[in-house]
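Heads up, the thing below is written out as structure tokens.
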Amino acid sequence: MKTLLLDPALQGLTKIDNIAMVLIGDFNIPSNSKWYNQITELFAARDLHAEFCKNVRRPEEATYSSENSLVLWNDADQRIDYCWAIDRLDDYELMKLDVVDLDVLKQARGEELSDHWAQLFTVVPRPSK
């Protein structure tokens with residue numbers, strides 16, 4: 001098992017398989033764009049929202065929607081915010097994560113905090129095989 005040297009004092013205590021990595025944010029890119037594909041390929045990343053929705057057989061929810069009064073144009077319903085799991089970094093296998101619950105948090109029209117709906121993920125370590 002490889003040890004990730006974060007701090008010499010932690011060597012031997014911090015194991016790479018106990019570290020998970022996610023890339024989360026407001027990327028303002030639709031999932032059918034070349035930029036989405038480039039991020040996914042560059043980091044060998046898994047889109048946790050899409051993966052969860054596929055597993056539970058429910059449609060993906062928009063995070064940017066004309067239902068939100070702060071959105072400036074009609075028919076803007078799309079997901080442009082992401083949570084990607086990074087399972088590998090260089091030669092290191094990282095702890096894999098799975099989503100067990102996902103909510104897109106919407107506020108009442110006129111009471112929105114942002115023009116994007118927040119996503120609330122419940123993630124757990126993937127069981128070892």
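Within each chain, counting starts at residue 1; across the structure tokens, chains are named A, B, ... in the order shown, with ligands numbered 1 upward in that order.
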
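Using only C-alpha atoms, the residues found no farther than 9 Å from range 56-62 of chain A, other than those of its own chain fewer than 6 positions away, are His49, Ala50, Ala76, Asp77, Gln78, Arg79, Ile80, Asp81, Asp103, Val104, His116 and Trp117 of chain A.
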
Could you write those residues out with N, CA and C atoms, as a compact mmCIF listing (two decimals), in the first residue's frame?
# COMPACT_ATOMS: atom_id res chain seq x y z
N HIS A 49 -23.83 13.25 -9.87
CA HIS A 49 -25.26 13.53 -10.07
C HIS A 49 -25.81 12.59 -11.15
N ALA A 50 -25.15 12.55 -12.30
CA ALA A 50 -25.61 11.69 -13.39
C ALA A 50 -25.59 10.23 -13.00
N ALA A 76 -34.16 27.99 -19.70
CA ALA A 76 -32.76 27.81 -19.28
C ALA A 76 -32.57 26.55 -18.46
N ASP A 77 -33.50 25.64 -18.53
CA ASP A 77 -33.46 24.46 -17.66
C ASP A 77 -32.35 23.49 -18.06
N GLN A 78 -31.28 23.52 -17.27
CA GLN A 78 -30.17 22.61 -17.50
C GLN A 78 -29.34 22.49 -16.23
N ARG A 79 -28.52 21.46 -16.22
CA ARG A 79 -27.61 21.28 -15.09
C ARG A 79 -26.25 21.78 -15.52
N ILE A 80 -25.76 22.80 -14.82
CA ILE A 80 -24.46 23.38 -15.16
C ILE A 80 -23.54 23.45 -13.94
N ASP A 81 -23.93 22.76 -12.89
CA ASP A 81 -23.15 22.66 -11.65
C ASP A 81 -22.85 21.18 -11.43
N ASP A 103 -30.32 15.75 -3.43
CA ASP A 103 -31.42 16.71 -3.52
C ASP A 103 -30.92 17.95 -4.22
N VAL A 104 -31.77 18.49 -5.09
CA VAL A 104 -31.54 19.82 -5.64
C VAL A 104 -32.43 20.74 -4.82
N HIS A 116 -28.51 29.79 -9.23
CA HIS A 116 -28.31 28.34 -9.36
C HIS A 116 -28.92 27.66 -8.14
N TRP A 117 -29.57 26.52 -8.37
CA TRP A 117 -30.04 25.71 -7.25
C TRP A 117 -28.85 24.93 -6.69

### Task
Identify, with DSSP run on backbone atoms, the residues in chain A assigned to strand (DSSP E), and express the list as an MDAnalysis selection string.
chainID A and resid 21:26 45:47 81:86 88:89 92:93 97:105 118:125

### Message
Residues of chain A classed as alpha helix (DSSP H) by DSSP on the backbone are to be reported as a PyMOL selection string.
### Response
chain A and resi 34-42+48-55

### Message
Between A:Ile39, A:Ala20, A:Ala118, A:Ala45, which residue has the minimum interatomic distance to Trp84 in chain A, considering only C-alpha atoms?
### Response
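With only C-alpha atoms as the atom set, the closest residue is A:Ala45.
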
### Message
Just want the 9 Å neighbourhood of Ile19 in chain A, counted on only C-alpha atoms, with same-chain residues fewer than 6 positions away dropped. Output as a list in words.
### Response
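After dropping sequence-adjacent residues, the list is Leu94, Met95 and Lys96 of chain A.
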
### Task
Name the closest residue to Leu97 in chain A among the candidates A:Asp26, A:Glu67, A:Glu41, A:Glu51; distances are taken between atoms, counting only C-alpha atoms.
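Looking at the shortest contact to Leu97 in chain A, the residue is A:Glu51.
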
### Task
Have a look at A:Glu111, A:Leu42, A:Tyr82, A:Thr63 and name the one nearest to Gly25 in chain A; count only C-alpha atoms.
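Closest residue, counting only C-alpha atoms: A:Tyr82.
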
### Task
Would you mind telling me which residue in A:Leu102, A:Leu70, A:Ala108, A:Ala44 lies nearest to Val123 in chain A when using only C-alpha atoms?
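Distance minimum relative to Val123 in chain A lands on A:Leu102.
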